[in-house]
file upload38.cif (mmCIF, C-alpha atoms)
data_model
#
loop_
_atom_site.label_atom_id
_atom_site.label_comp_id
_atom_site.auth_asym_id
_atom_site.auth_seq_id
_atom_site.Cartn_x
_atom_site.Cartn_y
_atom_site.Cartn_z
CA MET A 1 5.54 -10.64 35.11
CA THR A 2 7.47 -11.31 31.88
CA VAL A 3 9.08 -8.26 30.29
CA ARG A 4 8.77 -8.39 26.53
CA ARG A 5 11.86 -7.72 24.47
CA SER A 6 11.66 -4.49 22.47
CA LEU A 7 11.33 -4.96 18.72
CA TRP A 8 14.00 -2.26 18.31
CA ARG A 9 16.50 -4.68 19.87
CA HIS A 10 15.61 -7.39 17.37
CA PRO A 11 18.31 -7.44 14.62
CA GLY A 12 16.05 -8.95 11.99
CA PHE A 13 13.27 -6.45 12.64
CA VAL A 14 15.63 -3.48 12.50
CA ARG A 15 17.17 -4.61 9.21
CA TYR A 16 13.81 -5.16 7.64
CA TRP A 17 12.46 -1.93 9.07
CA SER A 18 15.43 -0.19 7.43
CA ALA A 19 14.80 -1.99 4.14
CA ASN A 20 11.22 -0.74 4.15
CA ALA A 21 12.35 2.81 4.83
CA VAL A 22 14.95 2.86 2.07
CA ASP A 23 12.55 1.27 -0.40
CA LEU A 24 9.78 3.78 0.32
CA VAL A 25 12.01 6.83 0.13
CA GLY A 26 12.82 5.81 -3.43
CA SER A 27 9.17 5.03 -4.19
CA GLY A 28 8.18 8.46 -2.86
CA VAL A 29 10.48 10.05 -5.44
CA THR A 30 8.88 8.03 -8.24
CA GLN A 31 5.41 8.93 -6.97
CA VAL A 32 6.23 12.54 -7.83
CA ALA A 33 8.31 11.88 -10.95
CA LEU A 34 6.11 9.40 -12.82
CA PRO A 35 2.96 11.57 -13.20
CA LEU A 36 5.15 14.51 -14.18
CA ILE A 37 6.81 12.43 -16.91
CA ALA A 38 3.40 11.39 -18.23
CA VAL A 39 1.55 14.71 -17.90
CA VAL A 40 4.32 17.24 -18.59
CA ALA A 41 7.01 15.48 -20.64
CA LEU A 42 4.76 13.17 -22.71
CA HIS A 43 1.62 15.39 -22.68
CA ALA A 44 -0.68 12.53 -21.66
CA SER A 45 -4.44 13.06 -21.76
CA VAL A 46 -6.72 12.26 -18.81
CA TRP A 47 -7.55 8.91 -20.41
CA GLN A 48 -3.85 8.08 -20.95
CA VAL A 49 -3.09 8.90 -17.31
CA ALA A 50 -5.95 6.57 -16.36
CA LEU A 51 -4.37 3.82 -18.48
CA LEU A 52 -1.06 4.33 -16.67
CA SER A 53 -2.87 4.07 -13.34
CA CYS A 54 -4.63 0.93 -14.59
CA ALA A 55 -1.29 -0.64 -15.58
CA GLN A 56 -0.01 -0.03 -12.04
CA LYS A 57 -3.13 -1.49 -10.44
CA LEU A 58 -3.95 -4.45 -12.71
CA PRO A 59 -1.31 -7.00 -11.47
CA PRO A 60 -2.97 -7.67 -8.08
CA LEU A 61 -6.03 -8.88 -9.98
CA LEU A 62 -3.90 -11.10 -12.23
CA VAL A 63 -1.31 -12.66 -9.91
CA SER A 64 -2.41 -12.26 -6.26
CA LEU A 65 -3.94 -15.74 -5.98
CA PRO A 66 -0.93 -17.67 -7.32
CA ALA A 67 1.37 -15.43 -5.26
CA GLY A 68 -0.49 -16.53 -2.13
CA VAL A 69 -0.12 -20.22 -2.92
CA LEU A 70 3.60 -19.74 -3.55
CA ALA A 71 3.94 -17.87 -0.27
CA ASP A 72 2.42 -20.83 1.59
CA ARG A 73 4.50 -23.40 -0.32
CA HIS A 74 7.99 -21.82 -0.28
CA ARG A 75 10.38 -19.74 1.82
CA LYS A 76 9.53 -16.09 1.57
CA ARG A 77 12.81 -14.16 1.86
CA PRO A 78 14.16 -15.17 -1.60
CA VAL A 79 10.89 -13.96 -3.11
CA MET A 80 11.25 -10.57 -1.43
CA VAL A 81 14.86 -10.13 -2.55
CA GLY A 82 14.12 -11.17 -6.12
CA ALA A 83 11.11 -8.85 -6.32
CA ALA A 84 13.18 -5.86 -5.16
CA LEU A 85 15.81 -6.54 -7.83
CA ALA A 86 13.14 -6.95 -10.52
CA SER A 87 11.52 -3.63 -9.60
CA GLY A 88 14.85 -1.84 -9.66
CA ALA A 89 15.63 -3.24 -13.11
CA ALA A 90 12.20 -2.17 -14.41
CA PHE A 91 12.54 1.42 -13.26
CA LEU A 92 16.09 1.64 -14.61
CA VAL A 93 14.57 1.37 -18.10
CA VAL A 94 12.90 4.81 -17.77
CA PRO A 95 16.01 7.06 -17.54
CA LEU A 96 17.89 4.84 -20.01
CA ALA A 97 15.05 5.14 -22.53
CA ASP A 98 14.93 8.89 -22.03
CA ALA A 99 18.68 9.17 -22.64
CA SER A 100 18.31 7.27 -25.92
CA GLY A 101 15.25 9.22 -27.04
CA ARG A 102 12.89 6.22 -26.83
CA LEU A 103 10.77 7.20 -23.84
CA SER A 104 7.05 6.74 -24.55
CA LEU A 105 3.76 6.18 -22.76
CA GLY A 106 3.77 2.56 -23.92
CA LEU A 107 7.11 2.02 -22.21
CA LEU A 108 5.78 3.65 -19.01
CA TYR A 109 2.81 1.27 -19.09
CA GLY A 110 5.17 -1.71 -19.34
CA VAL A 111 7.42 -0.50 -16.52
CA ALA A 112 4.42 0.15 -14.30
CA MET A 113 3.07 -3.34 -14.99
CA VAL A 114 6.36 -5.17 -14.31
CA SER A 115 7.09 -3.27 -11.11
CA ALA A 116 3.54 -3.84 -9.86
CA VAL A 117 3.78 -7.60 -10.50
CA SER A 118 7.01 -7.68 -8.49
CA GLU A 119 5.35 -5.74 -5.68
CA VAL A 120 2.47 -8.24 -5.47
CA PHE A 121 4.85 -11.16 -4.92
CA SER A 122 7.00 -9.14 -2.52
CA SER A 123 4.18 -7.81 -0.34
CA THR A 124 2.37 -11.16 -0.22
CA ALA A 125 5.51 -12.82 1.10
CA ARG A 126 6.24 -10.02 3.59
CA ILE A 127 2.83 -9.72 5.17
CA SER A 128 2.20 -13.46 5.40
CA PHE A 129 5.64 -13.92 6.98
CA LEU A 130 5.03 -11.62 9.93
CA PRO A 131 2.50 -13.73 11.91
CA SER A 132 4.85 -16.72 11.80
CA LEU A 133 7.52 -14.67 13.59
CA LEU A 134 5.52 -12.82 16.23
CA SER A 135 2.91 -13.78 18.78
CA ARG A 136 -0.53 -12.43 17.97
CA SER A 137 -0.26 -9.91 20.80
CA ARG A 138 2.63 -8.13 19.02
CA LEU A 139 1.11 -7.83 15.56
CA LEU A 140 -0.48 -4.41 16.14
CA GLU A 141 2.78 -3.11 17.64
CA ALA A 142 4.74 -4.32 14.61
CA ASN A 143 2.18 -2.99 12.14
CA SER A 144 2.09 0.41 13.82
CA LYS A 145 5.90 0.66 13.78
CA LEU A 146 5.94 -0.26 10.12
CA SER A 147 3.19 2.23 9.31
CA GLY A 148 5.18 4.91 11.08
CA VAL A 149 8.42 4.36 9.19
CA ASN A 150 6.54 3.89 5.93
CA SER A 151 4.72 7.19 6.28
CA LEU A 152 7.87 9.03 7.32
CA ALA A 153 9.85 7.51 4.45
CA GLU A 154 7.12 8.35 1.94
CA SER A 155 7.04 11.90 3.26
CA ALA A 156 10.79 12.26 2.90
CA GLY A 157 10.71 10.62 -0.52
CA SER A 158 7.93 12.86 -1.82
CA GLN A 159 9.68 16.01 -0.60
CA LEU A 160 12.99 14.78 -2.00
CA GLY A 161 11.22 13.87 -5.24
CA GLY A 162 9.93 17.41 -5.69
CA THR A 163 13.43 18.77 -5.15
CA LEU A 164 15.17 16.26 -7.43
CA VAL A 165 12.63 16.70 -10.22
CA THR A 166 13.19 20.47 -10.08
CA THR A 167 16.99 20.22 -10.11
CA LEU A 168 17.71 17.07 -12.15
CA GLY A 169 14.54 16.43 -14.16
CA ALA A 170 11.85 13.80 -13.64
CA THR A 171 13.54 10.90 -15.45
CA HIS A 172 16.92 11.37 -13.72
CA ALA A 173 15.21 11.48 -10.32
CA ILE A 174 14.10 7.86 -10.84
CA TYR A 175 17.72 6.73 -10.49
CA LEU A 176 17.25 7.20 -6.74
CA ASP A 177 14.37 4.71 -6.74
CA VAL A 178 16.56 2.20 -8.59
CA ALA A 179 19.27 2.62 -5.94
CA SER A 180 16.70 2.21 -3.16
CA TYR A 181 15.61 -1.19 -4.51
CA LEU A 182 19.22 -2.37 -4.58
CA ALA A 183 19.74 -1.21 -1.00
CA CYS A 184 16.49 -2.91 0.05
CA ALA A 185 17.62 -6.22 -1.46
CA LEU A 186 20.99 -5.95 0.29
CA LEU A 187 19.40 -5.32 3.67
CA LEU A 188 17.06 -8.27 3.21
CA THR A 189 19.94 -10.63 2.44
CA ARG A 190 21.66 -9.57 5.69
CA ILE A 191 18.82 -10.76 7.90
CA ARG A 192 20.22 -13.73 9.82
CA ALA A 193 17.07 -15.74 10.23
CA HIS A 194 16.22 -19.39 9.91
CA GLU A 195 12.99 -19.65 7.99
CA ALA A 196 11.27 -22.97 8.44
CA ALA A 197 10.47 -24.83 5.23
CA ALA A 198 6.84 -24.64 4.22
CA ALA A 199 4.79 -27.79 4.47
CA ARG A 200 4.58 -29.65 1.18
CA PRO A 201 1.03 -30.03 -0.14
CA ALA A 202 -0.38 -33.48 -0.63
CA ARG A 203 0.26 -34.96 -4.06
CA SER A 204 -3.46 -35.00 -4.77
CA THR A 205 -3.73 -31.26 -4.04
CA THR A 206 -3.54 -29.03 -7.11
CA PHE A 207 -2.52 -25.40 -7.39
CA ARG A 208 -6.09 -24.47 -8.27
CA ALA A 209 -7.49 -26.42 -5.31
CA GLU A 210 -5.22 -24.53 -2.91
CA MET A 211 -6.33 -21.20 -4.34
CA ALA A 212 -9.97 -22.27 -4.02
CA GLU A 213 -9.38 -23.30 -0.40
CA GLY A 214 -8.08 -19.83 0.41
CA MET A 215 -11.06 -18.17 -1.26
CA ARG A 216 -13.57 -20.37 0.61
CA TYR A 217 -11.80 -19.63 3.88
CA VAL A 218 -12.00 -15.85 3.43
CA TRP A 219 -15.64 -15.81 2.33
CA SER A 220 -16.79 -18.14 5.12
CA HIS A 221 -14.93 -16.33 7.93
CA PRO A 222 -17.29 -14.07 9.94
CA THR A 223 -14.55 -11.52 10.75
CA ILE A 224 -12.34 -11.53 7.67
CA ARG A 225 -15.14 -11.30 5.07
CA PRO A 226 -16.66 -7.95 6.25
CA LEU A 227 -13.21 -6.41 6.61
CA VAL A 228 -12.29 -7.42 3.07
CA LEU A 229 -15.54 -6.02 1.66
CA ALA A 230 -15.09 -2.66 3.42
CA ALA A 231 -11.44 -2.46 2.38
CA THR A 232 -12.42 -3.23 -1.23
CA ALA A 233 -14.86 -0.34 -1.28
CA TYR A 234 -12.29 2.02 0.27
CA VAL A 235 -9.46 1.07 -2.08
CA ALA A 236 -11.69 1.27 -5.16
CA VAL A 237 -12.87 4.79 -4.33
CA THR A 238 -9.38 6.04 -3.47
CA ALA A 239 -8.04 4.55 -6.72
CA PHE A 240 -10.75 6.48 -8.57
CA LEU A 241 -9.81 9.72 -6.80
CA ASN A 242 -6.05 9.26 -7.11
CA THR A 243 -6.32 8.78 -10.88
CA LEU A 244 -7.81 12.29 -11.24
CA TRP A 245 -6.11 13.94 -8.29
CA SER A 246 -2.60 14.58 -9.65
CA VAL A 247 -3.89 15.73 -13.05
CA TYR A 248 -6.28 18.18 -11.35
CA LEU A 249 -3.53 19.63 -9.17
CA LEU A 250 -1.07 20.01 -12.03
CA ARG A 251 -3.44 21.37 -14.68
CA GLN A 252 -6.31 23.09 -12.90
CA LEU A 253 -4.55 24.36 -9.78
CA HIS A 254 -1.18 24.86 -11.54
CA TYR A 255 0.91 23.03 -8.95
CA SER A 256 4.67 22.95 -9.48
CA SER A 257 6.67 19.77 -8.93
CA ALA A 258 7.81 21.15 -5.56
CA ALA A 259 4.22 21.91 -4.52
CA LEU A 260 3.07 18.43 -5.54
CA GLY A 261 5.95 16.90 -3.56
CA THR A 262 5.04 19.00 -0.52
CA THR A 263 1.40 17.88 -0.63
CA LEU A 264 2.39 14.22 -0.86
CA SER A 265 4.91 14.74 1.93
CA VAL A 266 2.36 16.35 4.25
CA GLY A 267 -0.07 13.52 3.55
CA ALA A 268 2.58 10.96 4.44
CA LEU A 269 3.24 12.79 7.72
CA GLY A 270 -0.45 12.35 8.47
CA GLY A 271 0.11 8.64 7.99
CA LEU A 272 2.97 8.81 10.49
CA CYS A 273 0.73 10.45 13.07
CA GLY A 274 -1.89 7.78 12.45
CA ALA A 275 0.72 5.10 13.08
CA LEU A 276 1.71 6.74 16.37
CA VAL A 277 -1.84 6.89 17.75
CA VAL A 278 -3.32 3.62 16.46
CA ARG A 279 -2.25 1.44 19.41
CA PRO A 280 -3.58 3.68 22.22
CA VAL A 281 -6.85 4.49 20.43
CA VAL A 282 -7.52 0.82 19.62
CA ALA A 283 -6.72 -0.11 23.23
CA ARG A 284 -9.19 2.50 24.49
CA TYR A 285 -12.06 2.30 22.01
CA GLY A 286 -11.71 -1.12 20.41
CA PRO A 287 -10.81 -1.96 16.80
CA VAL A 288 -14.33 -1.90 15.31
CA ARG A 289 -15.17 1.57 16.62
CA VAL A 290 -11.79 2.91 15.50
CA MET A 291 -12.23 1.55 11.97
CA LEU A 292 -15.75 2.97 11.66
CA THR A 293 -14.69 6.43 12.87
CA SER A 294 -11.72 6.55 10.49
CA LEU A 295 -13.90 5.61 7.52
CA ALA A 296 -16.60 8.13 8.52
CA LEU A 297 -14.07 11.00 8.39
CA ALA A 298 -12.75 10.10 4.93
CA PRO A 299 -15.30 11.99 2.74
CA PHE A 300 -14.75 15.26 4.61
CA THR A 301 -11.00 15.22 3.88
CA GLU A 302 -11.68 15.71 0.14
CA VAL A 303 -13.82 18.83 0.62
CA PRO A 304 -10.88 21.34 0.60
CA LEU A 305 -9.80 20.02 -2.80
CA LEU A 306 -13.26 20.61 -4.28
CA PHE A 307 -13.27 24.26 -3.21
CA ALA A 308 -9.57 24.94 -3.85
CA MET A 309 -8.29 27.62 -6.22
CA PRO A 310 -4.69 28.40 -7.24
CA GLY A 311 -2.69 29.99 -4.44
CA LEU A 312 -0.86 29.18 -1.22
CA PRO A 313 -3.83 29.40 1.22
CA TRP A 314 -5.76 26.79 -0.72
CA GLN A 315 -2.67 24.63 -1.06
CA VAL A 316 -2.43 24.61 2.73
CA ALA A 317 -6.10 23.60 2.98
CA VAL A 318 -5.59 20.73 0.52
CA ASP A 319 -2.51 19.63 2.47
CA VAL A 320 -4.50 19.58 5.73
CA GLY A 321 -7.18 17.43 4.12
CA MET A 322 -4.53 15.06 2.79
CA PHE A 323 -2.90 14.92 6.25
CA VAL A 324 -6.14 13.86 7.94
CA GLN A 325 -7.06 11.44 5.16
CA LEU A 326 -3.76 9.55 5.26
CA GLY A 327 -3.80 9.51 9.06
CA CYS A 328 -7.25 7.90 9.11
CA ALA A 329 -6.24 5.51 6.31
CA VAL A 330 -3.25 4.23 8.29
CA VAL A 331 -5.28 3.87 11.48
CA GLN A 332 -8.04 1.82 9.88
CA GLY A 333 -5.67 -0.05 7.56
CA SER A 334 -3.30 -1.12 10.35
CA THR A 335 -6.23 -2.14 12.55
CA GLN A 336 -8.11 -4.23 10.02
CA ARG A 337 -4.93 -5.87 8.75
CA THR A 338 -3.92 -6.80 12.29
CA VAL A 339 -7.33 -8.28 13.04
CA ARG A 340 -7.18 -10.37 9.85
CA GLN A 341 -3.67 -11.62 10.68
CA ALA A 342 -4.60 -12.43 14.26
CA VAL A 343 -7.74 -14.45 13.56
CA CYS A 344 -6.41 -16.31 10.50
CA ASP A 345 -5.29 -19.95 10.57
CA PRO A 346 -1.45 -19.87 10.33
CA ALA A 347 -1.47 -22.47 7.55
CA LEU A 348 -3.64 -20.17 5.43
CA GLN A 349 -1.94 -16.81 6.04
CA GLY A 350 -0.51 -16.54 2.52
CA ARG A 351 -3.73 -17.56 0.78
CA MET A 352 -5.88 -15.42 3.07
CA LEU A 353 -3.71 -12.42 2.24
CA ALA A 354 -3.65 -13.25 -1.47
CA THR A 355 -7.41 -13.68 -1.68
CA SER A 356 -7.91 -10.44 0.23
CA ARG A 357 -5.51 -8.59 -2.07
CA TRP A 358 -7.11 -10.13 -5.15
CA VAL A 359 -10.52 -8.81 -4.13
CA ILE A 360 -9.38 -5.52 -2.59
CA TYR A 361 -6.82 -4.41 -5.16
CA GLY A 362 -8.52 -6.13 -8.07
CA SER A 363 -11.03 -3.28 -7.93
CA GLN A 364 -8.35 -0.68 -8.64
CA PRO A 365 -7.85 -1.08 -12.41
CA VAL A 366 -11.62 -0.95 -12.95
CA ALA A 367 -11.82 2.16 -10.75
CA ALA A 368 -8.92 3.79 -12.62
CA LEU A 369 -10.56 3.20 -16.02
CA LEU A 370 -13.89 4.45 -14.67
CA ALA A 371 -12.13 7.59 -13.39
CA GLY A 372 -10.61 8.16 -16.82
CA ALA A 373 -14.03 7.88 -18.46
CA VAL A 374 -15.75 10.13 -15.89
CA GLY A 375 -12.92 12.68 -15.98
CA THR A 376 -13.03 12.79 -19.78
CA TRP A 377 -16.82 13.00 -20.13
CA LEU A 378 -17.80 15.03 -17.06
CA GLY A 379 -14.58 16.91 -16.27
CA LEU A 380 -11.98 16.57 -13.54
CA TRP A 381 -13.88 18.52 -10.87
CA ASN A 382 -17.11 16.59 -11.38
CA GLY A 383 -15.16 13.33 -11.23
CA LEU A 384 -13.58 14.34 -7.92
CA ALA A 385 -17.01 15.31 -6.56
CA VAL A 386 -18.42 11.89 -7.47
CA GLY A 387 -15.45 10.19 -5.79
CA THR A 388 -15.87 12.30 -2.65
CA LEU A 389 -19.50 11.21 -2.28
CA ALA A 390 -18.49 7.59 -2.90
CA LEU A 391 -16.05 7.72 0.05
CA ALA A 392 -19.09 7.23 2.29
CA VAL A 393 -19.61 3.73 0.87
CA PRO A 394 -16.79 1.94 2.82
CA PHE A 395 -18.25 3.22 6.12
CA LEU A 396 -21.73 2.04 5.15
CA VAL A 397 -20.42 -1.39 4.13
CA LEU A 398 -18.65 -1.97 7.44
CA ARG A 399 -21.43 -0.41 9.52
CA SER A 400 -24.10 -2.63 7.97
CA SER A 401 -22.03 -5.82 8.16
CA SER A 402 -22.33 -8.55 10.76
CA LEU A 403 -18.75 -8.04 11.92
CA PRO A 404 -18.48 -9.32 15.50
CA GLU A 405 -17.19 -6.89 18.09
CA VAL A 406 -13.50 -7.42 18.79
CA PRO A 407 -12.85 -5.72 22.16
CA GLU A 408 -9.07 -6.05 21.98
CA MET A 409 -6.34 -7.61 19.91
CA PRO A 410 -6.36 -11.35 20.65
CA GLU A 411 -3.29 -11.54 22.84
CA GLY A 412 -4.09 -14.99 24.03
CA THR A 413 -3.63 -16.54 20.62
CA ALA A 414 -0.64 -18.76 20.72
CA ALA A 415 2.34 -18.18 18.52
CA PRO A 416 3.25 -20.84 15.97
CA LYS A 417 4.79 -23.95 17.46
CA LYS A 418 7.96 -23.56 15.40
CA PRO A 419 9.17 -19.99 15.92
CA VAL A 420 11.72 -18.46 13.61
CA GLY A 421 14.73 -16.55 14.83
CA HIS A 422 14.15 -12.99 13.58
CA VAL A 423 11.27 -10.72 12.76
CA CYS A 424 10.71 -9.83 9.12
CA PRO A 425 7.92 -7.25 8.96
CA GLN A 426 6.05 -6.39 5.82
CA LYS A 427 6.03 -3.37 3.60
CA GLU A 428 2.90 -1.34 4.16
CA SER A 429 2.43 0.91 1.12
CA ASP A 430 -1.29 1.26 1.20
CA ALA A 431 -4.18 1.79 3.50
CA ALA A 432 -5.58 -1.70 3.20
#

call {"tool": "encode", "arguments": {"input": "upload38.cif", "output": "structure tokens"}}
result
Amino acid sequence: MTVRRSLWRHPGFVRYWSANAVDLVGSGVTQVALPLIAVVALHASVWQVALLSCAQKLPPLLVSLPAGVLADRHRKRPVMVGAALASGAAFLVVPLADASGRLSLGLLYGVAMVSAVSEVFSSTARISFLPSLLSRSRLLEANSKLSGVNSLAESAGSQLGGTLVTTLGATHAIYLDVASYLACALLLTRIRAHEAAAARPARSTTFRAEMAEGMRYVWSHPTIRPLVLAATAYVAVTAFLNTLWSVYLLRQLHYSSAALGTTLSVGALGGLCGALVVRPVVARYGPVRVMLTSLALAPFTEVPLLFAMPGLPWQVAVDVGMFVQLGCAVVQGSTQRTVRQAVCDPALQGRMLATSRWVIYGSQPVAALLAGAVGTWLGLWNGLAVGTLALAVPFLVLRSSSLPEVPEMPEGTAAPKKPVGHVCPQKESDAA
């Protein structure tokens, strides 16, 4: 029997794993600091917060498809390094503008847009790169390890963000995120890996034709299509809820920056626990059953927030709900992403991912604007109640689909014929 080499002994994997961790610690700080800058420092209304959320979520709809074609046409590591540097430069504008007295909501919208565009190109390259480096039987292992470090890093970043915002101020705390992007880029450049050149498209093949090929592939695939539809519903509803969530905690429940950081940190720890259990539960119950159960639990995790009042006991209840929600999100997200990677044609990995992201995350800006309208017209609590009920939709979509049963991860699928030297796993910053 062949003993598989541990991924922890793989230099490329460890460096990229470390790059993900450093990156997400910094992003966790910004996740606390940015809403505080908008809500507290710039006195943004519910609608203005929704516009900021829309600016962060619009780029996947605009650039995911071309990002996928580029990922299939070119080497991916330079894209990842360049995207990290671009994001760091964008966030550096925030504290510099504050120091010069020019900080505004319009500037925050621009920073959010630029950093999100960079993230689309970066994540498309990262995720589509992984299946070319690992056999299909190791994809779930790699995804679970990445989910674990991502959740732990986000937890540490959120807790650190609450502390730094309290001691240094929200804008100065963002300097740590800038430094994290620089460290991420440095770690990526130190991966000693030979990445095979992408196959050149035929001269008669246009950019638009390649994008169309990826879209046709996703919509005609009996396994990928239902997963994309369910993920779209889940991401849209969570984008709706997240737009209202931080404003509700800060204004209605009177959360401090430290309390907000603690809640985000506890939620990220739930994601870590989800990453630790996903492999054994999928092995025992199968991926389809695991995804359905995780989605079925999602609406109940929002119930503590709807009944919460100011005070520590209710904060603990909200934290528990967030813990369970993020744990389920990581379990179902890691599972469905692994299934999509495993069943996809290697030559279409980038375009499959890009088409999936275009559909899944393209729903977010619409959901954010809808949340702003509902929160303004009906109130924050009523908006959260509507979103909680809507969390049942992703389960219903997947349950009613014709998704074939996948009893186990397809270990028999052969690895690419031209393996590359080192593993370069992807950043997993979301549940889909």

call {"tool": "resolve_selection", "arguments": {"input": "upload38.cif", "expression": "the PyMOL selection byres ((chain A and resi 89) around 12)", "output": "ChimeraX atom specification"}}
result
/A:82-88,90-96,111-112,114-115,118,174-175,177-182

call {"tool": "write_last_selection", "arguments": {"input": "upload38.cif", "atoms": "C-alpha atoms", "output": "PDB file, in the frame of the given file"}}
result
ATOM      1  CA  GLY A  82      14.120 -11.170  -6.120  1.00  0.00           C
ATOM      2  CA  ALA A  83      11.110  -8.850  -6.320  1.00  0.00           C
ATOM      3  CA  ALA A  84      13.180  -5.860  -5.160  1.00  0.00           C
ATOM      4  CA  LEU A  85      15.810  -6.540  -7.830  1.00  0.00           C
ATOM      5  CA  ALA A  86      13.140  -6.950 -10.520  1.00  0.00           C
ATOM      6  CA  SER A  87      11.520  -3.630  -9.600  1.00  0.00           C
ATOM      7  CA  GLY A  88      14.850  -1.840  -9.660  1.00  0.00           C
ATOM      8  CA  ALA A  90      12.200  -2.170 -14.410  1.00  0.00           C
ATOM      9  CA  PHE A  91      12.540   1.420 -13.260  1.00  0.00           C
ATOM     10  CA  LEU A  92      16.090   1.640 -14.610  1.00  0.00           C
ATOM     11  CA  VAL A  93      14.570   1.370 -18.100  1.00  0.00           C
ATOM     12  CA  VAL A  94      12.900   4.810 -17.770  1.00  0.00           C
ATOM     13  CA  PRO A  95      16.010   7.060 -17.540  1.00  0.00           C
ATOM     14  CA  LEU A  96      17.890   4.840 -20.010  1.00  0.00           C
ATOM     15  CA  VAL A 111       7.420  -0.500 -16.520  1.00  0.00           C
ATOM     16  CA  ALA A 112       4.420   0.150 -14.300  1.00  0.00           C
ATOM     17  CA  VAL A 114       6.360  -5.170 -14.310  1.00  0.00           C
ATOM     18  CA  SER A 115       7.090  -3.270 -11.110  1.00  0.00           C
ATOM     19  CA  SER A 118       7.010  -7.680  -8.490  1.00  0.00           C
ATOM     20  CA  ILE A 174      14.100   7.860 -10.840  1.00  0.00           C
ATOM     21  CA  TYR A 175      17.720   6.730 -10.490  1.00  0.00           C
ATOM     22  CA  ASP A 177      14.370   4.710  -6.740  1.00  0.00           C
ATOM     23  CA  VAL A 178      16.560   2.200  -8.590  1.00  0.00           C
ATOM     24  CA  ALA A 179      19.270   2.620  -5.940  1.00  0.00           C
ATOM     25  CA  SER A 180      16.700   2.210  -3.160  1.00  0.00           C
ATOM     26  CA  TYR A 181      15.610  -1.190  -4.510  1.00  0.00           C
ATOM     27  CA  LEU A 182      19.220  -2.370  -4.580  1.00  0.00           C
TER      28      LEU A 182
END

call {"tool": "resolve_selection", "arguments": {"input": "upload38.cif", "expression": "the PyMOL selection byres ((chain A and resi 368) around 7)", "output": "NGL selection string"}}
result
:A and (50 or 53-54 or 239-240 or 243 or 364-367 or 369-372)

call {"tool": "closest_residue", "arguments": {"input": "upload38.cif", "among": "A:Gly333, A:Pro222, A:Gly327, A:Gly387", "to": "Leu276 of chain A", "atoms": "all atoms listed in the file"}}
result
A:Gly327

call {"tool": "resolve_selection", "arguments": {"input": "upload38.cif", "expression": "the PyMOL selection byres ((chain A and resi 301) around 8)", "output": "ChimeraX atom specification"}}
result
/A:297-300,302-304,321-322,324-325

call {"tool": "atom_distance", "arguments": {"input": "upload38.cif", "atom1": "atom CA of Leu249 of chain A", "atom2": "atom CA of Gly101 of chain A"}}
result
27.9 Å

call {"tool": "atom_distance", "arguments": {"input": "upload38.cif", "atom1": "atom CA of Leu176 of chain A", "atom2": "atom CA of Met80 of chain A"}}
result
19.5 Å

call {"tool": "closest_residue", "arguments": {"input": "upload38.cif", "among": "A:Ala329, A:Val63, A:Leu264, A:Leu305", "to": "Val359 of chain A", "atoms": "all atoms listed in the file"}}
result
A:Val63

call {"tool": "closest_residue", "arguments": {"input": "upload38.cif", "among": "A:Met291, A:Ala236, A:Ala38, A:Ala116", "to": "Val331 of chain A", "atoms": "only C-alpha atoms"}}
result
A:Met291

call {"tool": "closest_residue", "arguments": {"input": "upload38.cif", "among": "A:Ser257, A:Gly383, A:Val120, A:Ala170", "to": "Leu353 of chain A", "atoms": "all atoms listed in the file"}}
result
A:Val120

call {"tool": "residues_around", "arguments": {"input": "upload38.cif", "residues": "Gln252 of chain A", "least_positions_apart": "2", "cutoff": "9 Å", "atoms": "only C-alpha atoms", "output": "JSON, numbers by chain"}}
result
{"A": [247, 248, 249, 250, 254, 255, 309, 310, 380]}

call {"tool": "atom_distance", "arguments": {"input": "upload38.cif", "atom1": "atom CA of Gln31 of chain A", "atom2": "atom CA of Arg126 of chain A"}}
result
21.7 Å

call {"tool": "residues_around", "arguments": {"input": "upload38.cif", "residues": "Thr30 of chain A", "least_positions_apart": "2", "cutoff": "10 Å", "atoms": "all atoms listed in the file", "output": "list in words"}}
result
Leu24, Val25, Gly26, Ser27, Gly28, Val32, Ala33, Leu34, Pro35, Leu36, Ile37, Phe91, Gly157, Ser158, Gly161, Gly162, Val165, Ala170, Thr171, Ala173, Ile174, Tyr175, Leu176, Asp177 and Val178 of chain A

call {"tool": "closest_residue", "arguments": {"input": "upload38.cif", "among": "A:Ala308, A:Val320, A:Ala125, A:Ala354", "to": "Val79 of chain A", "atoms": "all atoms listed in the file"}}
result
A:Ala125

call {"tool": "residues_around", "arguments": {"input": "upload38.cif", "residues": "Leu227 of chain A", "least_positions_apart": "3", "cutoff": "9 Å", "atoms": "all atoms listed in the file", "output": "list in words"}}
result
Thr223, Ile224, Ala230, Ala231, Thr232, Gln336, Arg337, Val339, Arg340, Leu398, Ser401 and Leu403 of chain A

call {"tool": "closest_residue", "arguments": {"input": "upload38.cif", "among": "A:Trp17, A:Trp47, A:Trp358, A:Phe307", "to": "Ala67 of chain A", "atoms": "all atoms listed in the file"}}
result
A:Trp358

call {"tool": "decode", "arguments": {"input": "upload38.cif", "residues": "segment 267-276 of chain A", "atoms": "C-alpha atoms", "output": "CSV table (one decimal), in the first residue's frame"}}
result
chain,number,residue,atom,x,y,z
A,267,GLY,CA,-18.1,32.9,14.1
A,268,ALA,CA,-14.7,32.3,12.5
A,269,LEU,CA,-13.9,29.7,15.2
A,270,GLY,CA,-17.1,27.9,14.1
A,271,GLY,CA,-15.7,27.9,10.6
A,272,LEU,CA,-12.5,26.3,12.0
A,273,CYS,CA,-14.6,23.5,13.7
A,274,GLY,CA,-16.5,23.0,10.4
A,275,ALA,CA,-13.2,22.6,8.6
A,276,LEU,CA,-12.0,20.0,11.2
